$ cat my_file.cif   # mmCIF, C-alpha atoms and all ligand atoms
data_coords
#
loop_
_atom_site.label_atom_id
_atom_site.label_comp_id
_atom_site.auth_asym_id
_atom_site.auth_seq_id
_atom_site.Cartn_x
_atom_site.Cartn_y
_atom_site.Cartn_z
CA MET A 1 -163.66 111.20 72.51
CA SER A 2 -161.64 114.34 72.03
CA ILE A 3 -161.99 117.12 74.59
CA LEU A 4 -160.84 120.72 74.22
CA VAL A 5 -159.56 121.85 77.62
CA THR A 6 -159.18 125.63 77.79
CA GLY A 7 -156.88 126.77 80.58
CA GLY A 8 -155.52 123.23 80.70
CA ALA A 9 -152.05 124.38 81.79
CA GLY A 10 -153.51 125.99 84.92
CA TYR A 11 -154.02 124.56 88.38
CA ILE A 12 -157.35 122.74 88.01
CA GLY A 13 -157.05 122.25 84.24
CA SER A 14 -153.74 120.39 84.51
CA HIS A 15 -155.04 117.94 87.12
CA THR A 16 -158.22 117.44 85.11
CA SER A 17 -156.28 116.83 81.89
CA ILE A 18 -154.45 113.99 83.64
CA ALA A 19 -157.75 112.52 84.87
CA LEU A 20 -159.19 112.76 81.34
CA LEU A 21 -156.17 111.11 79.73
CA LYS A 22 -156.26 108.33 82.33
CA ALA A 23 -159.95 107.82 81.58
CA GLY A 24 -159.15 107.32 77.90
CA TYR A 25 -160.03 110.72 76.42
CA SER A 26 -157.87 112.57 73.91
CA VAL A 27 -157.02 116.03 75.20
CA ILE A 28 -156.43 119.24 73.28
CA ILE A 29 -155.25 122.05 75.56
CA ALA A 30 -155.66 125.72 74.67
CA ASP A 31 -153.90 128.13 77.02
CA ASN A 32 -152.11 131.47 76.65
CA PHE A 33 -149.89 130.90 79.74
CA PHE A 34 -151.20 134.08 81.29
CA ASN A 35 -151.12 132.32 84.65
CA SER A 36 -149.21 129.12 83.89
CA ARG A 37 -146.06 127.84 82.23
CA PRO A 38 -145.19 125.82 79.13
CA GLU A 39 -143.43 123.10 81.22
CA MET A 40 -146.84 122.11 82.51
CA ILE A 41 -147.69 120.43 79.22
CA GLN A 42 -144.75 118.01 79.53
CA LYS A 43 -145.58 117.35 83.17
CA ILE A 44 -149.15 116.43 82.26
CA GLU A 45 -147.87 114.06 79.57
CA GLN A 46 -145.34 112.56 81.97
CA LEU A 47 -147.90 111.94 84.71
CA ALA A 48 -150.56 110.57 82.38
CA GLY A 49 -148.14 108.60 80.20
CA LYS A 50 -149.86 110.02 77.09
CA LYS A 51 -149.46 112.91 74.68
CA VAL A 52 -151.70 115.95 74.47
CA ILE A 53 -152.23 118.34 71.57
CA PHE A 54 -151.41 121.87 72.60
CA TYR A 55 -152.35 125.30 71.24
CA GLU A 56 -150.87 128.49 72.67
CA VAL A 57 -153.92 130.59 72.11
CA ASP A 58 -155.95 133.31 73.77
CA VAL A 59 -159.46 131.92 73.83
CA THR A 60 -160.98 135.39 73.48
CA ASN A 61 -159.49 135.36 69.96
CA GLU A 62 -162.33 133.98 67.86
CA GLN A 63 -160.30 133.36 64.71
CA ALA A 64 -157.55 131.53 66.55
CA VAL A 65 -160.11 129.40 68.42
CA ASN A 66 -161.94 128.55 65.20
CA GLN A 67 -158.69 127.19 63.76
CA ILE A 68 -158.65 124.52 66.49
CA PHE A 69 -162.16 123.40 65.53
CA ILE A 70 -161.25 123.42 61.85
CA HIS A 71 -158.26 121.15 62.43
CA HIS A 72 -159.72 118.74 64.98
CA GLN A 73 -162.88 116.78 65.55
CA ILE A 74 -163.89 118.03 69.00
CA ASP A 75 -166.54 116.17 70.98
CA GLY A 76 -166.69 118.38 74.03
CA ILE A 77 -165.23 121.42 75.78
CA ILE A 78 -164.18 121.97 79.36
CA HIS A 79 -163.76 125.70 79.81
CA PHE A 80 -161.33 126.51 82.64
CA ALA A 81 -159.57 129.50 81.07
CA GLY A 82 -160.25 132.60 83.09
CA LEU A 83 -158.84 135.16 85.44
CA LYS A 84 -159.59 134.39 89.06
CA ALA A 85 -158.08 136.96 91.46
CA VAL A 86 -161.08 138.41 93.28
CA GLY A 87 -159.27 141.50 94.62
CA GLU A 88 -157.71 142.34 91.26
CA SER A 89 -161.13 142.04 89.61
CA VAL A 90 -162.40 144.90 91.80
CA LYS A 91 -159.50 147.11 90.66
CA LYS A 92 -159.55 146.03 86.98
CA PRO A 93 -163.16 145.12 86.23
CA LEU A 94 -162.94 145.52 82.45
CA LYS A 95 -160.01 143.12 82.22
CA TYR A 96 -162.06 140.50 84.04
CA TYR A 97 -165.31 141.06 82.13
CA TYR A 98 -163.44 141.07 78.82
CA ASN A 99 -161.45 137.89 79.41
CA ASN A 100 -163.98 135.79 81.28
CA ILE A 101 -167.13 136.73 79.36
CA LEU A 102 -165.65 136.95 75.88
CA SER A 103 -163.95 133.56 76.22
CA THR A 104 -167.31 131.96 77.08
CA LEU A 105 -169.01 133.73 74.14
CA VAL A 106 -166.32 132.71 71.67
CA LEU A 107 -166.50 129.07 72.75
CA ALA A 108 -170.31 128.97 72.72
CA LYS A 109 -170.25 130.42 69.21
CA ALA A 110 -167.74 127.79 68.14
CA CYS A 111 -170.06 125.08 69.53
CA HIS A 112 -172.83 126.46 67.36
CA LYS A 113 -170.67 126.80 64.28
CA TYR A 114 -168.92 123.43 64.51
CA GLY A 115 -171.73 121.36 66.00
CA VAL A 116 -170.18 120.62 69.40
CA ASP A 117 -172.89 119.87 71.93
CA LYS A 118 -171.01 119.04 75.14
CA PHE A 119 -169.80 121.85 77.38
CA VAL A 120 -168.52 121.84 80.96
CA PHE A 121 -168.00 125.20 82.63
CA SER A 122 -165.85 126.13 85.65
CA SER A 123 -168.16 128.11 87.86
CA SER A 124 -167.76 128.92 91.50
CA ALA A 125 -169.58 128.77 94.83
CA THR A 126 -169.19 132.54 94.83
CA VAL A 127 -172.38 132.75 92.71
CA TYR A 128 -174.39 131.89 95.84
CA GLY A 129 -173.28 135.11 97.52
CA ASP A 130 -174.26 135.24 101.18
CA ASN A 131 -177.01 132.61 101.01
CA LYS A 132 -177.75 130.35 103.96
CA VAL A 133 -175.45 127.30 104.19
CA PRO A 134 -175.36 124.62 102.95
CA PHE A 135 -175.64 125.97 99.41
CA VAL A 136 -178.02 124.04 97.19
CA GLU A 137 -178.12 124.23 93.37
CA THR A 138 -181.76 125.36 93.41
CA MET A 139 -181.06 128.53 95.45
CA ASP A 140 -181.55 131.96 93.91
CA LEU A 141 -178.16 133.49 93.23
CA LEU A 142 -177.23 136.56 95.29
CA PRO A 143 -174.86 139.44 94.41
CA THR A 144 -171.25 138.36 94.62
CA THR A 145 -169.61 141.67 95.69
CA ASN A 146 -166.94 141.55 92.94
CA PRO A 147 -166.58 141.51 89.14
CA TYR A 148 -164.93 138.06 89.16
CA GLY A 149 -168.04 136.55 90.72
CA GLU A 150 -170.28 138.43 88.31
CA THR A 151 -168.37 136.94 85.34
CA LYS A 152 -169.28 133.50 86.66
CA VAL A 153 -172.97 134.45 87.07
CA MET A 154 -173.03 135.96 83.56
CA SER A 155 -171.22 133.04 81.92
CA GLU A 156 -173.70 130.65 83.54
CA ARG A 157 -176.56 132.75 82.13
CA ILE A 158 -175.05 132.93 78.63
CA LEU A 159 -174.65 129.15 78.48
CA THR A 160 -178.14 128.60 79.93
CA ASP A 161 -179.78 130.92 77.38
CA PHE A 162 -177.80 129.33 74.56
CA GLY A 163 -178.94 125.91 75.76
CA LYS A 164 -182.60 126.99 75.70
CA VAL A 165 -182.56 127.46 71.93
CA ASN A 166 -180.26 124.53 71.13
CA PRO A 167 -182.05 121.46 72.45
CA ASN A 168 -179.10 119.13 71.80
CA PHE A 169 -176.68 121.30 73.76
CA SER A 170 -175.63 119.66 77.04
CA VAL A 171 -173.98 121.96 79.50
CA SER A 172 -172.73 121.30 83.00
CA LEU A 173 -172.18 124.30 85.25
CA LEU A 174 -169.79 123.11 87.94
CA ARG A 175 -169.73 125.27 91.04
CA TYR A 176 -166.41 124.61 92.73
CA PHE A 177 -166.03 125.23 96.43
CA ASN A 178 -162.41 125.66 97.63
CA PRO A 179 -159.99 123.57 95.55
CA VAL A 180 -156.71 122.80 97.39
CA GLY A 181 -153.95 120.19 97.39
CA ALA A 182 -151.96 118.78 94.53
CA HIS A 183 -151.33 115.67 92.46
CA GLU A 184 -149.98 112.94 94.75
CA SER A 185 -146.69 112.88 92.80
CA GLY A 186 -145.91 116.39 94.08
CA LEU A 187 -144.92 117.29 90.52
CA ILE A 188 -147.82 119.65 89.84
CA GLY A 189 -149.89 121.80 92.16
CA GLU A 190 -150.95 125.35 92.86
CA ALA A 191 -148.21 127.91 92.25
CA PRO A 192 -149.74 131.38 92.39
CA ASN A 193 -147.80 134.39 91.18
CA GLY A 194 -146.75 136.78 93.96
CA ILE A 195 -148.25 136.68 97.43
CA PRO A 196 -151.09 134.15 97.50
CA ASN A 197 -154.64 135.37 98.00
CA ASN A 198 -155.92 131.97 99.05
CA LEU A 199 -155.48 130.32 102.40
CA MET A 200 -153.81 126.97 101.55
CA PRO A 201 -151.00 128.35 99.34
CA TYR A 202 -150.42 131.04 101.95
CA ILE A 203 -150.05 128.36 104.64
CA THR A 204 -147.66 126.27 102.52
CA GLN A 205 -145.50 129.32 101.81
CA VAL A 206 -145.35 130.09 105.54
CA ALA A 207 -144.36 126.45 106.12
CA LYS A 208 -141.58 126.86 103.56
CA GLY A 209 -140.35 130.06 105.20
CA LYS A 210 -141.18 132.22 102.17
CA LEU A 211 -143.71 134.15 104.25
CA GLU A 212 -143.27 134.96 107.90
CA ARG A 213 -146.71 134.28 109.31
CA LEU A 214 -150.29 133.69 108.30
CA ARG A 215 -152.70 136.55 108.75
CA ILE A 216 -156.13 135.26 109.73
CA PHE A 217 -158.82 137.57 108.44
CA GLY A 218 -161.12 137.93 111.44
CA ASN A 219 -162.04 135.71 114.38
CA ASP A 220 -165.38 137.31 115.20
CA TYR A 221 -167.60 135.51 112.65
CA PRO A 222 -170.60 133.55 113.92
CA THR A 223 -168.80 130.23 113.28
CA VAL A 224 -167.44 127.34 115.34
CA ASP A 225 -164.33 129.32 116.45
CA GLY A 226 -164.95 132.77 114.96
CA THR A 227 -162.84 132.22 111.83
CA GLY A 228 -164.22 131.79 108.31
CA VAL A 229 -165.56 128.38 107.31
CA ARG A 230 -165.06 126.93 103.80
CA ASP A 231 -165.58 123.64 102.00
CA TYR A 232 -162.08 122.56 100.91
CA ILE A 233 -161.94 119.97 98.15
CA HIS A 234 -158.88 118.07 96.93
CA VAL A 235 -158.02 119.10 93.37
CA MET A 236 -157.80 115.45 92.23
CA ASP A 237 -161.34 114.81 93.51
CA LEU A 238 -162.36 117.88 91.54
CA ALA A 239 -160.52 116.60 88.47
CA GLU A 240 -162.33 113.27 88.69
CA ALA A 241 -165.65 115.10 89.03
CA HIS A 242 -165.08 116.62 85.57
CA VAL A 243 -164.75 113.17 84.05
CA ALA A 244 -167.99 112.14 85.79
CA ALA A 245 -169.71 115.33 84.61
CA LEU A 246 -168.69 114.67 81.00
CA GLU A 247 -169.86 111.10 81.18
CA HIS A 248 -173.26 112.08 82.57
CA LEU A 249 -174.00 115.06 80.36
CA THR A 250 -177.60 115.19 79.23
CA PRO A 251 -179.23 117.79 76.98
CA GLY A 252 -180.11 120.95 78.88
CA VAL A 253 -178.45 122.72 81.78
CA ASN A 254 -177.00 120.61 84.57
CA ILE A 255 -175.75 122.41 87.67
CA TYR A 256 -173.59 120.70 90.28
CA ASN A 257 -171.90 121.75 93.49
CA LEU A 258 -168.42 120.25 93.76
CA GLY A 259 -167.28 120.20 97.36
CA THR A 260 -167.10 117.73 100.22
CA GLY A 261 -170.15 119.05 102.04
CA LYS A 262 -168.02 119.66 105.13
CA GLY A 263 -167.06 123.07 106.48
CA THR A 264 -163.58 123.67 107.93
CA SER A 265 -162.60 126.87 109.74
CA VAL A 266 -159.31 128.70 109.15
CA LEU A 267 -158.04 127.61 112.57
CA GLU A 268 -159.11 124.01 111.91
CA LEU A 269 -157.23 124.01 108.60
CA VAL A 270 -154.10 125.42 110.25
CA LYS A 271 -154.27 122.70 112.92
CA ALA A 272 -154.87 119.97 110.30
CA PHE A 273 -151.86 121.19 108.33
CA GLU A 274 -149.66 121.26 111.44
CA ASP A 275 -150.73 117.75 112.47
CA ALA A 276 -150.45 116.28 108.97
CA ASN A 277 -146.97 117.67 108.30
CA GLY A 278 -145.41 118.21 111.73
CA ILE A 279 -144.79 121.91 111.06
CA THR A 280 -145.91 124.85 113.17
CA ILE A 281 -147.63 127.68 111.33
CA PRO A 282 -147.20 131.02 113.10
CA TYR A 283 -150.22 133.28 112.70
CA GLU A 284 -151.82 136.50 113.84
CA VAL A 285 -155.44 137.55 113.71
CA VAL A 286 -156.11 140.72 111.72
CA ALA A 287 -159.25 142.51 110.53
CA ARG A 288 -161.85 140.81 108.35
CA ARG A 289 -161.17 140.86 104.60
CA LEU A 290 -163.64 142.98 102.66
CA GLY A 291 -166.28 140.93 100.82
CA ASP A 292 -165.68 137.69 102.80
CA ILE A 293 -168.64 135.72 104.06
CA ALA A 294 -168.70 133.76 107.32
CA GLU A 295 -169.51 130.31 106.00
CA CYS A 296 -169.55 128.58 102.64
CA TYR A 297 -170.13 124.87 102.20
CA ALA A 298 -171.99 122.71 99.77
CA ASP A 299 -174.93 120.42 99.72
CA VAL A 300 -173.28 117.75 97.60
CA SER A 301 -176.18 115.30 97.33
CA LYS A 302 -177.04 116.15 93.70
CA ALA A 303 -173.56 115.33 92.35
CA LYS A 304 -173.59 112.08 94.28
CA ARG A 305 -177.08 111.16 93.09
CA GLU A 306 -176.73 112.13 89.44
CA LEU A 307 -173.00 111.83 88.68
CA GLY A 308 -172.23 108.95 91.01
CA TRP A 309 -169.33 111.06 92.22
CA GLU A 310 -168.29 112.16 95.68
CA ALA A 311 -165.06 113.54 97.11
CA LYS A 312 -162.87 110.80 98.60
CA ARG A 313 -159.82 112.63 99.92
CA ASP A 314 -159.93 114.12 103.42
CA ILE A 315 -158.47 117.30 104.84
CA VAL A 316 -155.29 115.53 106.03
CA THR A 317 -154.60 114.29 102.49
CA MET A 318 -155.24 117.79 101.13
CA CYS A 319 -152.70 119.25 103.59
CA ARG A 320 -150.09 116.56 102.92
CA ASP A 321 -150.36 116.82 99.16
CA ALA A 322 -150.32 120.63 99.19
CA TRP A 323 -147.14 120.56 101.26
CA ARG A 324 -145.46 117.83 99.19
CA PHE A 325 -145.84 120.04 96.13
CA GLU A 326 -144.74 123.30 97.79
CA ARG A 327 -141.77 121.70 99.50
CA TYR A 328 -140.07 120.63 96.28
CA TYR A 329 -141.41 123.31 93.99
CA GLU A 330 -138.82 125.69 92.57
CA GLU A 331 -139.88 128.88 90.84
P1 LIG B 401 -155.43 129.06 86.90
O1 LIG B 401 -155.15 130.52 86.77
O2 LIG B 401 -154.39 128.20 87.51
O3 LIG B 401 -155.77 128.44 85.46
C1 LIG B 401 -156.43 129.17 84.46
C2 LIG B 401 -155.67 128.97 83.17
O4 LIG B 401 -156.35 129.69 82.14
C3 LIG B 401 -154.24 129.50 83.21
O5 LIG B 401 -153.35 128.51 82.71
C4 LIG B 401 -154.26 130.73 82.31
O6 LIG B 401 -153.03 130.92 81.66
C5 LIG B 401 -155.38 130.37 81.35
N1 LIG B 401 -156.07 131.52 80.74
C6 LIG B 401 -156.65 132.58 81.35
N2 LIG B 401 -157.21 133.39 80.43
C7 LIG B 401 -157.00 132.79 79.22
C8 LIG B 401 -157.36 133.14 77.90
N3 LIG B 401 -158.04 134.24 77.60
N4 LIG B 401 -156.98 132.31 76.91
C9 LIG B 401 -156.28 131.17 77.15
N5 LIG B 401 -155.92 130.80 78.39
C10 LIG B 401 -156.28 131.60 79.42
O7 LIG B 401 -156.82 128.92 87.66
P2 LIG B 401 -157.54 127.63 88.26
O8 LIG B 401 -157.50 127.72 89.73
O9 LIG B 401 -157.04 126.41 87.60
O10 LIG B 401 -159.03 127.92 87.82
C11 LIG B 401 -159.60 127.36 86.64
C12 LIG B 401 -161.04 127.85 86.51
O11 LIG B 401 -161.76 127.47 87.68
C13 LIG B 401 -161.17 129.37 86.40
O12 LIG B 401 -162.20 129.66 85.49
C14 LIG B 401 -161.55 129.78 87.80
O13 LIG B 401 -162.28 130.98 87.81
C15 LIG B 401 -162.40 128.60 88.24
N6 LIG B 401 -162.46 128.46 89.70
C16 LIG B 401 -161.30 128.35 90.42
C17 LIG B 401 -161.37 128.25 91.81
C18 LIG B 401 -160.10 128.17 92.63
O14 LIG B 401 -160.16 128.41 93.84
N7 LIG B 401 -158.95 127.81 92.08
C19 LIG B 401 -162.60 128.25 92.45
C20 LIG B 401 -163.76 128.34 91.69
C21 LIG B 401 -163.68 128.45 90.31
N1 LIG B 402 -158.00 133.59 104.79
C1 LIG B 402 -157.18 134.07 105.81
N2 LIG B 402 -155.92 134.47 105.49
C2 LIG B 402 -155.42 134.43 104.23
C3 LIG B 402 -156.27 133.94 103.21
C4 LIG B 402 -157.54 133.53 103.52
O1 LIG B 402 -157.59 134.11 106.96
O2 LIG B 402 -154.27 134.85 104.00
C5 LIG B 402 -159.35 133.11 105.11
C6 LIG B 402 -160.49 133.84 104.41
O3 LIG B 402 -160.90 134.95 105.16
C7 LIG B 402 -161.55 132.74 104.30
C8 LIG B 402 -160.74 131.46 104.17
O4 LIG B 402 -159.44 131.77 104.67
O5 LIG B 402 -162.31 132.67 105.50
C9 LIG B 402 -160.61 130.97 102.73
O6 LIG B 402 -160.13 132.04 101.93
P1 LIG B 402 -159.70 131.84 100.42
O7 LIG B 402 -159.26 133.18 99.90
O8 LIG B 402 -158.75 130.71 100.32
O9 LIG B 402 -161.04 131.37 99.70
P2 LIG B 402 -162.45 132.14 99.50
O10 LIG B 402 -162.52 133.27 100.43
O11 LIG B 402 -162.42 132.55 98.09
O12 LIG B 402 -163.48 131.11 99.80
#

$ encode --input "my_file.cif" --output "C-alpha cells"
Amino acid sequence: MSILVTGGAGYIGSHTSIALLKAGYSVIIADNFFNSRPEMIQKIEQLAGKKVIFYEVDVTNEQAVNQIFIHHQIDGIIHFAGLKAVGESVKKPLKYYYNNILSTLVLAKACHKYGVDKFVFSSSATVYGDNKVPFVETMDLLPTTNPYGETKVMSERILTDFGKVNPNFSVSLLRYFNPVGAHESGLIGEAPNGIPNNLMPYITQVAKGKLERLRIFGNDYPTVDGTGVRDYIHVMDLAEAHVAALEHLTPGVNIYNLGTGKGTSVLELVKAFEDANGITIPYEVVARRLGDIAECYADVSKAKRELGWEAKRDIVTMCRDAWRFERYYEE
C-alpha cells in the first residue's frame, strides 16, 4: 500500500513515516518545508532503512497536488501538513484559515477525482474546548478560542460532510493530545523555530542553556498543584497509532482520541524531566497564558477497543528521549 503523507518532513509526520515504512507501507511525502528541513527526508530513510518518494509541494496548490496523484497509485492519505502556532493564528487568522482549510479541501477533492478512499487527518484535542475532563469522542465540540483550533473543527466538518455523500470514503479524525519526545535514536525530534511555545521543547532548551528559565503560566488553576494539566503522549506512540488507524479504517467517519489518558501538571513534568535526566530546571511562576484551560486529558478507551492501540511509553521515557534529541541537535 502506498500512502501520501503530507507534512511528512515535520515533527509528527517524520516519526509516522518511519513507523509506516517499518510496517511495510510505501511512503510518498509532500512538504513545502515551511516548518521543516530537506535533511529530514534522508534521516527518515536512514532510520527506516528504506527509500521514500518526495515532492516539494505546497498542498494548497491543487494543480501541483494533482500531479502526485497522476504519477502514483495512492491508496491512502495521512494529512499532517498545517500551521500549528496557536498564538500566531490569533494575529494572522487568514494565513491559518487559508493554509489549513484549503489543504484539506484540495486533498479531499483529489480523493474524489482519483478514487482514493482512505484518509487520516491530524486533528487536535483543542476541538473539545473547555469541556469536562476526560474528553470523550462523543462530546459536543466547544469554541476553541483561536483560529488554529477552528481550522481543526472546520477540517473535521469538511471531511465528515464529504464522507456522508461518498459511502466508500473512510476517514479517521485523530485528536492528538500533547505530543512530546523524540525517536529513540535521538536523530529526529521536535525542533521549533524561535522561542518554543510548547512546554517540553521549552524545558529542553532551558536544560541546554539556550533559555535561562522556564516560565510557568499560572499556579492558581483548580488542579493537583495549581499548574495546568495535560495528557502528554510520546511521538512514537502517536506514530504507531497512525499505522493502527490506517489498518482499521472502515467506511464512514472514525474519531479517536490519541493520548495516554493520564494528566500531568507542569510541575510534575518539570520534576519528571529533572529526575529522568539529572538536570535542574530553573523556573518562575508568571501569569496565566490567555486561552489556556486548566485540564486536558483523554478518555482513550475507544482507540484501545477499536484500534487495538494504546500508548506504551511513560513520562520518564518521553523526558529522556526529548532530552537525547535536544542535547545533540545542532541548528
Ligand atoms: P510541524 O510543523 O512539525 O509539521 C507540519 C509540516 O507540514 C511541516 O513540515 C511543514 O513544512 C508542512 N506544511 C505546512 N503547511 C504546508 C503546506 N501548505 N504544504 C506542504 N507542507 C506544509 O507540525 P507537527 O507538530 O508535526 O504537526 C503535524 C500536524 O498535527 C499539524 O496538522 C498539527 O496541527 C497537528 N497537531 C499537532 C500537535 C502538536 O502539539 N505538535 C497537536 C495536535 C495536532
Ligand atoms: N506552559 C508553561 N510554560 C511554557 C509553555 C507551556 O507553563 O513556556 C504550560 C501551559 O500553560 C499548559 C502546559 O504547559 O498548561 C502545556 O502547554 P503547551 O503549550 O505545551 O500545550 P497546550 O497548551 O497546547 O496543551

$ residues_near_ligand --input "my_file.cif" --ligand "ligand LIG 402 (chain B)" --cutoff "8 Å" --atoms "only C-alpha atoms and all ligand atoms" --output "PyMOL selection string"
chain A and resi 86+126+177-178+196-200+202-203+214-218+227-230+265-266+285+288-289+292-296

$ atom_distance --input "my_file.cif" --atom1 "CA of Thr223 in chain A" --atom2 "CA of Thr264 in chain A"
9.9 Å

$ axis_aligned_box --input "my_file.cif" --around "ligand LIG 401 (chain B)" --padding-each-side "5 Å" --output "JSON"
{"center_x": -158.4, "center_y": 130.3, "center_z": 85.4, "size_x": 20.7, "size_y": 17.8, "size_z": 26.9}

$ atom_distance --input "my_file.cif" --atom1 "CA of Phe69 in chain A" --atom2 "CA of Gly8 in chain A"
16.6 Å

$ residues_near_point --input "my_file.cif" --point "(-170.1, 136.2, 92.1)" --cutoff "6 Å" --atoms "all atoms listed in the file" --output "ChimeraX atom specification"
/A:126-127,144,149-150

$ residues_near_point --input "my_file.cif" --point "(-156.7, 141.5, 95.3)" --cutoff "12 Å" --atoms "all atoms listed in the file" --output "PyMOL selection string"
chain A and resi 83-93+146-148+194-198+289-291

$ residues_near_ligand --input "my_file.cif" --ligand "ligand LIG 401 (chain B)" --cutoff "7 Å" --atoms "only C-alpha atoms and all ligand atoms" --output "NGL selection string"
:A and (6-13 or 30-36 or 57-60 or 80-84 or 99 or 103 or 122-125 or 175-179 or 190)
